[in-house]
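> One structure coming up, written as structure tokens, with questions to follow.
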There are 2 protein chains.
Amino acid sequence: MKNHSVFCVSDHTGVTVEAVAKSVLAQFPELEFSLIALPFIDSLEKAQVAAARIAATPGALVFSTLTDPALRAALRDSRASVFDVFDLIAPAVEHALGQAATPSGGRTHGMANNYELRIDAVNFSLALDDGLQPQRLDQADLILVGVSRVGKTPSALYLALQYGLRVANYPLTPDDLEQESLPAVLLANLPRLRALTLAPERLAAIRQARYPDSRYASLQQCRDELAAAERLFARHALPVLDTTRMSVEEIAARLRNPPTALFR
Amino acid sequence: MKNHSVFCVSDHTGVTVEAVAKSVLAQFPELEFSLIALPFIDSLEKAQVAAARIAATPGALVFSTLTDPALRAALRDSRASVFDVFDLIAPAVEHALGQAATPSGGRTHGMANNYELRIDAVNFSLALDDGLQPQRLDQADLILVGVSRVGKTPSALYLALQYGLRVANYPLTPDDLEQESLPAVLLANLPRLRALTLAPERLAAIRQARYPDSRYASLQQCRDELAAAERLFARHALPVLDTTRMSVEEIAARLRNPPTALFR
């Protein structure tokens, strides 16, 4: 099968252009693509170097987010097919707004983009990881609860880094699971609780990788813990997210939104 | 000033469409926009509910990544200006590839997207946060070094979550800074070291927020520590990234790439 080289060229980090390229190319499932990231192409000289590299790659495709039209023109000198997000989308937006666009590089991820808020959120989420400092749970935007290794920490950190949310997480220990109700410190913060669960088989696989052949990682133990946890979640009518088939992005996007139809 | 409501509609997490909307709208600096995220619009019924909400919002703009043409048509019934990434970009790609696109929702962020690799990377980065487990530094993809509060931990976690890189971080203590060379455990892993630095004023502000009026947070102390650290970085010719004006995305994108022209 022919493999297409796809260059993702940006005058900034390239996060946006890589996401667009992957989304669009996913619609061509019979083809294979190799992505090559060329971020921080923010001068004519760098654009010319990039264009030369692209020109030397037969059949290359180019996705780009270059705000400066002169840099886009330099890329087009490569003779490859160039799909620039601004070229393709901005004219329609200009038409709708009745106003011309002003080239301006990389402003969306600038310092203004809540840098300090997000770093504070990461520090908060680390400080309240794994049940630490329960007396501060009332300062959290969200509190993730669930059994050990269900994915609470990565989800909390992604929400903090991506959205600036202060997300604590609290593990339900076997002791907690034997009780009639959730720990009092959680009940005091009920509206902000979000429960995570997983298929027992997946939880067992995750625990196996860490503690092979332990009772902790056995399928029976995982089943028992998850069932006990779900009883507690149901008792307090917590919103529960089953993350078995979800990426970190999807978990975070669902947790970030109000717990309505998104949850089962 | 008129404030435009901008709906970001996606059949999946909405990460891509929000990034595109922010990039394009940054080119209209005189206008103000309020973004409203509508993720997981993955059925005709949900698209119709979204369209009704959009129709009730005068002057709304809509950015979307909806792979199903029927859902895009439902959005257009709102009579708002709709900019769908696939509508606007896919035809040019189809033309270049000589092949028709196949609608397929949200595949790019699916489970296949290295979920386990990324979670393992997060666990690694947490296990080797702040100089923990130095005997495992040889397992790291990258090792971030710098003085306290220079931004090592959030950068390491972002690289792990976004790119699946195993990133340790090692703080240079005042004791380390008094030595002639970097600690031996770091020198044993020299090719993977990346140094972070900051403007002293910013470091002092960050430390002040945590320990107000301490010697640790004083501008003089920050200046001294950063100068001593930079001497050590220069001595071992480490690539140094000054993150003073950078977002987490930019720090990560620069660290992820080879340390050539990207660094000073």
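Going through the structure tokens in order, the chains are called A, B, and so on, while each chain numbers its residues from 1 and the ligands are numbered from 1 in the order shown.
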Tell me as a ChimeraX atom specification which residues belonging to chain B come within 7 Å of chain A, counting only C-alpha atoms.
/B:13,16,19-20,22-24,26-28,81,86,88-90,96,101-104,107-111,115,119,122,154,245-247,249-250,253
> Go ahead and save the picked residues with N, CA, C and O atoms, as a compact mmCIF listing (two decimals), in the first residue's frame.

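Produced file selection-v8.txt, reproduced below:
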```
# COMPACT_ATOMS: atom_id res chain seq x y z
N THR B 13 -14.86 14.79 21.04
CA THR B 13 -14.51 15.61 22.20
C THR B 13 -14.57 17.11 21.94
O THR B 13 -14.68 17.90 22.87
N THR B 16 -10.41 19.34 18.55
CA THR B 16 -9.96 19.87 17.26
C THR B 16 -10.75 21.12 16.87
O THR B 16 -10.17 22.14 16.49
N ALA B 19 -9.83 24.20 18.80
CA ALA B 19 -8.52 24.73 18.42
C ALA B 19 -8.62 25.50 17.10
O ALA B 19 -8.04 26.59 16.95
N VAL B 20 -9.37 24.96 16.15
CA VAL B 20 -9.53 25.65 14.86
C VAL B 20 -10.26 26.97 15.06
O VAL B 20 -9.85 28.02 14.54
N LYS B 22 -10.50 28.88 17.69
CA LYS B 22 -9.66 29.87 18.35
C LYS B 22 -8.60 30.42 17.41
O LYS B 22 -8.31 31.63 17.42
N SER B 23 -7.99 29.55 16.60
CA SER B 23 -6.96 30.01 15.67
C SER B 23 -7.53 30.99 14.66
O SER B 23 -6.95 32.04 14.39
N VAL B 24 -8.66 30.63 14.08
CA VAL B 24 -9.24 31.48 13.03
C VAL B 24 -9.74 32.79 13.64
O VAL B 24 -9.50 33.88 13.09
N ALA B 26 -8.73 34.33 16.21
CA ALA B 26 -7.63 35.20 16.65
C ALA B 26 -7.26 36.19 15.56
O ALA B 26 -6.60 37.20 15.82
N GLN B 27 -7.68 35.92 14.33
CA GLN B 27 -7.38 36.83 13.23
C GLN B 27 -8.39 37.98 13.14
O GLN B 27 -8.32 38.79 12.21
N PHE B 28 -9.33 38.02 14.06
CA PHE B 28 -10.28 39.14 14.11
C PHE B 28 -10.15 39.82 15.47
O PHE B 28 -11.06 39.76 16.30
N SER B 81 -24.32 30.89 10.39
CA SER B 81 -23.18 30.62 9.52
C SER B 81 -22.43 29.42 10.09
O SER B 81 -21.96 29.46 11.23
N PHE B 86 -14.62 19.62 7.90
CA PHE B 86 -14.58 18.61 6.84
C PHE B 86 -15.13 19.18 5.53
O PHE B 86 -14.55 18.98 4.47
N LEU B 88 -15.02 22.15 4.51
CA LEU B 88 -14.14 23.16 3.93
C LEU B 88 -12.79 22.60 3.50
O LEU B 88 -12.14 23.16 2.63
N ILE B 89 -12.34 21.52 4.13
CA ILE B 89 -10.99 21.02 3.84
C ILE B 89 -11.01 19.71 3.05
O ILE B 89 -10.21 19.51 2.14
N ALA B 90 -11.96 18.81 3.37
CA ALA B 90 -11.93 17.48 2.75
C ALA B 90 -11.98 17.51 1.22
O ALA B 90 -11.27 16.73 0.57
N ALA B 96 -6.76 16.05 -4.26
CA ALA B 96 -5.32 15.74 -4.32
C ALA B 96 -5.07 14.24 -4.31
O ALA B 96 -4.16 13.75 -4.98
N ALA B 101 -13.69 10.79 0.36
CA ALA B 101 -13.62 10.60 1.81
C ALA B 101 -14.77 9.73 2.28
O ALA B 101 -15.84 9.71 1.68
N THR B 102 -14.53 9.00 3.38
CA THR B 102 -15.55 8.15 3.99
C THR B 102 -15.88 8.72 5.35
O THR B 102 -15.01 8.82 6.20
N PRO B 103 -17.14 9.12 5.59
CA PRO B 103 -17.47 9.65 6.91
C PRO B 103 -17.17 8.63 8.00
O PRO B 103 -17.47 7.45 7.84
N SER B 104 -16.61 9.08 9.09
CA SER B 104 -16.26 8.18 10.20
C SER B 104 -15.94 9.03 11.40
O SER B 104 -14.99 9.78 11.41
N ARG B 107 -12.50 9.04 15.08
CA ARG B 107 -11.53 7.97 15.19
C ARG B 107 -10.18 8.42 15.71
O ARG B 107 -9.43 7.64 16.27
N THR B 108 -9.86 9.70 15.48
CA THR B 108 -8.49 10.11 15.78
C THR B 108 -8.17 10.05 17.26
O THR B 108 -7.03 9.87 17.63
N HIS B 109 -9.18 10.21 18.11
CA HIS B 109 -8.87 10.17 19.54
C HIS B 109 -9.33 8.86 20.15
O HIS B 109 -9.60 8.78 21.34
N GLY B 110 -9.47 7.83 19.35
CA GLY B 110 -9.97 6.56 19.86
C GLY B 110 -8.94 5.87 20.73
O GLY B 110 -7.85 6.35 20.96
N MET B 111 -9.33 4.70 21.23
CA MET B 111 -8.45 3.93 22.10
C MET B 111 -7.12 3.63 21.43
O MET B 111 -6.11 3.45 22.09
N TYR B 115 -3.49 5.08 24.11
CA TYR B 115 -3.99 5.35 25.46
C TYR B 115 -3.06 4.79 26.52
O TYR B 115 -2.64 5.50 27.43
N ILE B 119 -0.80 6.69 29.42
CA ILE B 119 -1.03 6.52 30.86
C ILE B 119 0.24 6.00 31.53
O ILE B 119 0.62 6.45 32.62
N VAL B 122 2.49 8.90 32.00
CA VAL B 122 2.10 9.74 33.14
C VAL B 122 2.57 9.09 34.44
O VAL B 122 3.14 9.76 35.32
N PRO B 154 4.73 20.51 35.42
CA PRO B 154 3.66 20.61 34.42
C PRO B 154 4.15 20.28 33.01
O PRO B 154 3.44 19.64 32.23
N ARG B 245 7.92 33.40 28.31
CA ARG B 245 6.73 33.84 27.58
C ARG B 245 5.98 32.70 26.92
O ARG B 245 5.25 32.91 25.95
N MET B 246 6.16 31.48 27.38
CA MET B 246 5.60 30.34 26.67
C MET B 246 4.41 29.71 27.38
O MET B 246 4.36 29.65 28.60
N SER B 247 3.49 29.20 26.58
CA SER B 247 2.40 28.38 27.09
C SER B 247 2.91 26.96 27.31
O SER B 247 3.97 26.59 26.82
N GLU B 249 1.73 24.34 25.96
CA GLU B 249 1.79 23.70 24.64
C GLU B 249 3.10 24.00 23.95
O GLU B 249 3.70 23.14 23.31
N GLU B 250 3.52 25.27 24.04
CA GLU B 250 4.73 25.66 23.33
C GLU B 250 5.96 25.03 23.97
O GLU B 250 6.86 24.54 23.28
N ALA B 253 5.98 21.44 22.87
CA ALA B 253 6.30 21.26 21.45
C ALA B 253 7.79 21.50 21.21
O ALA B 253 8.42 20.82 20.40
```
> As a PyMOL selection string, please: all residues of range 6-166 of chain A that backbone DSSP puts in alpha helix (DSSP H).
chain A and resi 15-25+44-55+69-76+85-97+115-127+152-163
> To test your reading of the structure, identify every residue in range 17-180 of chain B that backbone DSSP assigns to strand (DSSP E), and report it as a PyMOL selection string.
chain B and resi 32-38+61-65+81-84+142-146+167-171
> Between A:Leu255, A:Ala55, A:Ser64, A:Leu182, which residue has the minimum interatomic distance to Leu144 in chain A, considering only C-alpha atoms?
A:Leu255
> Name the residues in contact with Arg256 in chain A at a cut-off of 10 Å, using only C-alpha atoms, excluding same-chain residues fewer than 6 positions from it; report them as a VMD selection string.
chain A and resid 141 to 142 159 163 165 250
> Those same residues, written as a short mmCIF file (atom, residue, chain, number, x, y, z; two decimals), in the first residue's frame with N, CA and C atoms?

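Final output, selection_24.cif:
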```cif
data_model
loop_
_atom_site.label_atom_id
_atom_site.label_comp_id
_atom_site.auth_asym_id
_atom_site.auth_seq_id
_atom_site.Cartn_x
_atom_site.Cartn_y
_atom_site.Cartn_z
N ASP A 141 -12.74 21.92 41.97
CA ASP A 141 -13.84 22.05 41.01
C ASP A 141 -14.54 20.71 40.84
N LEU A 142 -13.76 19.65 40.79
CA LEU A 142 -14.30 18.30 40.66
C LEU A 142 -13.49 17.37 41.55
N LEU A 159 -7.46 17.26 32.91
CA LEU A 159 -8.44 18.33 33.12
C LEU A 159 -7.75 19.60 33.63
N TYR A 163 -7.78 22.32 30.75
CA TYR A 163 -8.91 23.22 31.01
C TYR A 163 -8.74 24.09 32.26
N LEU A 165 -8.91 23.20 35.33
CA LEU A 165 -9.80 22.82 36.43
C LEU A 165 -9.00 22.22 37.58
N GLU A 250 -11.39 12.12 25.67
CA GLU A 250 -12.83 11.92 25.77
C GLU A 250 -13.27 11.91 27.23
#
```
> What is the CA of Pro134 in chain B to CA of Asn169 in chain B distance in Å?
9.6 Å
> From the list B:Ile143, B:Ala217, B:Ala204, B:Ala56, which residue is nearest Ala188 in chain B when using only C-alpha atoms?
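Among the listed residues, B:Ile143 lies closest to Ala188 in chain B.
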> Do a neighbour search on Asp176 in chain A at 12 Å with only C-alpha atoms, toss out local chain neighbours closer than 2 positions, and write the hits as a ChimeraX atom specification.
/A:145-148,170-174,178-186,225,228-229,231-232
> For Gln133 in chain B, please output as a ChimeraX atom specification all residues within 12 Å (counting only C-alpha atoms; exclusion window: fewer than 4 positions along the same chain).
/B:124-129,137-140,168-170,185
> Write a file of the just-selected residues containing all heavy atoms, as a compact mmCIF listing (two decimals), in the first residue's frame.

```txt
# COMPACT_ATOMS: atom_id res chain seq x y z
N PHE B 124 4.99 7.06 34.87
CA PHE B 124 6.45 7.18 34.94
C PHE B 124 6.84 8.59 35.38
O PHE B 124 7.68 8.77 36.27
CB PHE B 124 7.06 6.87 33.56
CG PHE B 124 8.56 6.96 33.54
CD1 PHE B 124 9.35 5.86 33.83
CD2 PHE B 124 9.20 8.16 33.23
CE1 PHE B 124 10.73 5.94 33.82
CE2 PHE B 124 10.58 8.26 33.22
CZ PHE B 124 11.35 7.15 33.51
N SER B 125 6.23 9.58 34.75
CA SER B 125 6.61 10.97 35.06
C SER B 125 6.28 11.34 36.50
O SER B 125 7.00 12.11 37.13
CB SER B 125 5.91 11.93 34.08
OG SER B 125 6.38 11.68 32.76
N LEU B 126 5.19 10.78 37.03
CA LEU B 126 4.87 11.02 38.44
C LEU B 126 5.85 10.29 39.35
O LEU B 126 6.27 10.82 40.38
CB LEU B 126 3.43 10.56 38.75
CG LEU B 126 2.32 11.42 38.16
CD1 LEU B 126 0.97 10.76 38.37
CD2 LEU B 126 2.32 12.82 38.78
N ALA B 127 6.22 9.07 38.95
CA ALA B 127 7.14 8.29 39.79
C ALA B 127 8.52 8.93 39.84
O ALA B 127 9.24 8.78 40.82
CB ALA B 127 7.23 6.86 39.26
N LEU B 128 8.89 9.63 38.76
CA LEU B 128 10.21 10.27 38.72
C LEU B 128 10.09 11.79 38.78
O LEU B 128 10.91 12.53 38.24
CB LEU B 128 10.99 9.83 37.47
CG LEU B 128 11.74 8.49 37.65
CD1 LEU B 128 10.78 7.32 37.62
CD2 LEU B 128 12.81 8.33 36.61
N ASP B 129 9.03 12.26 39.45
CA ASP B 129 8.85 13.70 39.64
C ASP B 129 9.81 14.19 40.71
O ASP B 129 10.10 13.48 41.68
CB ASP B 129 7.40 13.95 40.09
CG ASP B 129 7.09 15.44 40.23
OD1 ASP B 129 7.61 16.25 39.44
OD2 ASP B 129 6.31 15.80 41.13
N LEU B 137 16.53 6.97 36.04
CA LEU B 137 16.62 8.04 35.04
C LEU B 137 17.01 7.51 33.66
O LEU B 137 16.67 8.11 32.64
CB LEU B 137 17.63 9.11 35.49
CG LEU B 137 17.15 10.07 36.57
CD1 LEU B 137 18.27 11.00 36.99
CD2 LEU B 137 15.95 10.89 36.08
N ASP B 138 17.71 6.37 33.63
CA ASP B 138 18.11 5.84 32.32
C ASP B 138 16.93 5.30 31.53
O ASP B 138 17.06 4.99 30.34
CB ASP B 138 19.18 4.75 32.49
CG ASP B 138 18.70 3.61 33.36
OD1 ASP B 138 17.65 3.76 34.03
OD2 ASP B 138 19.35 2.56 33.37
N GLN B 139 15.75 5.20 32.16
CA GLN B 139 14.56 4.76 31.43
C GLN B 139 13.76 5.92 30.84
O GLN B 139 12.74 5.71 30.18
CB GLN B 139 13.63 3.97 32.36
CG GLN B 139 14.28 2.74 32.99
CD GLN B 139 13.46 2.21 34.16
OE1 GLN B 139 12.25 2.43 34.25
NE2 GLN B 139 14.10 1.49 35.06
N ALA B 140 14.20 7.14 31.11
CA ALA B 140 13.43 8.31 30.68
C ALA B 140 13.72 8.66 29.22
O ALA B 140 14.83 8.47 28.74
CB ALA B 140 13.75 9.51 31.57
N ALA B 168 11.19 12.46 33.10
CA ALA B 168 11.54 12.67 34.50
C ALA B 168 11.85 14.14 34.73
O ALA B 168 12.08 14.89 33.77
CB ALA B 168 12.77 11.83 34.85
N ASN B 169 11.82 14.57 35.98
CA ASN B 169 12.33 15.92 36.25
C ASN B 169 13.13 15.92 37.53
O ASN B 169 12.86 15.17 38.47
CB ASN B 169 11.22 16.97 36.23
CG ASN B 169 10.44 17.04 37.51
OD1 ASN B 169 10.86 17.68 38.47
ND2 ASN B 169 9.29 16.36 37.54
N TYR B 170 14.16 16.76 37.53
CA TYR B 170 15.15 16.75 38.60
C TYR B 170 15.42 18.18 39.03
O TYR B 170 15.86 19.01 38.23
CB TYR B 170 16.44 16.11 38.07
CG TYR B 170 17.42 15.75 39.15
CD1 TYR B 170 17.49 14.45 39.64
CD2 TYR B 170 18.27 16.70 39.69
CE1 TYR B 170 18.39 14.11 40.64
CE2 TYR B 170 19.17 16.37 40.69
CZ TYR B 170 19.22 15.07 41.16
OH TYR B 170 20.10 14.74 42.15
N VAL B 185 24.45 11.59 38.76
CA VAL B 185 23.34 10.82 38.22
C VAL B 185 22.77 11.50 36.96
O VAL B 185 22.25 10.83 36.06
CB VAL B 185 22.26 10.60 39.30
CG1 VAL B 185 21.57 11.91 39.65
CG2 VAL B 185 21.27 9.55 38.88
```
> Using only C-alpha atoms, can you tell me which of A:Ser34, A:Asn3, A:Gln48, A:Gln135 comes closest to Asn189 in chain A?
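Closest to Asn189 in chain A of all the choices is A:Gln135.
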> Between A:Gly164, A:Pro69, A:Pro239, A:Gly98, which has the minimum distance to Pro191 in chain A (counting only C-alpha atoms)?
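Looking at the shortest contact to Pro191 in chain A, the residue is A:Pro239.
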> Could you name the residues that touch Leu35 in chain A at 7 Å or less, counting only C-alpha atoms, but leaving out those on the same chain fewer than 6 positions away, as a PDB file with C-alpha atoms, in the first residue's frame?

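What follows is the written file out_32.pdb:
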```
ATOM      1  CA  SER A   5       4.060  11.628   3.607  1.00  0.00           C
ATOM      2  CA  VAL A   6       2.033  14.349   5.297  1.00  0.00           C
ATOM      3  CA  PHE A   7       3.794  17.467   6.559  1.00  0.00           C
ATOM      4  CA  CYS A   8       2.097  19.448   9.329  1.00  0.00           C
TER       5      CYS A   8
END
```
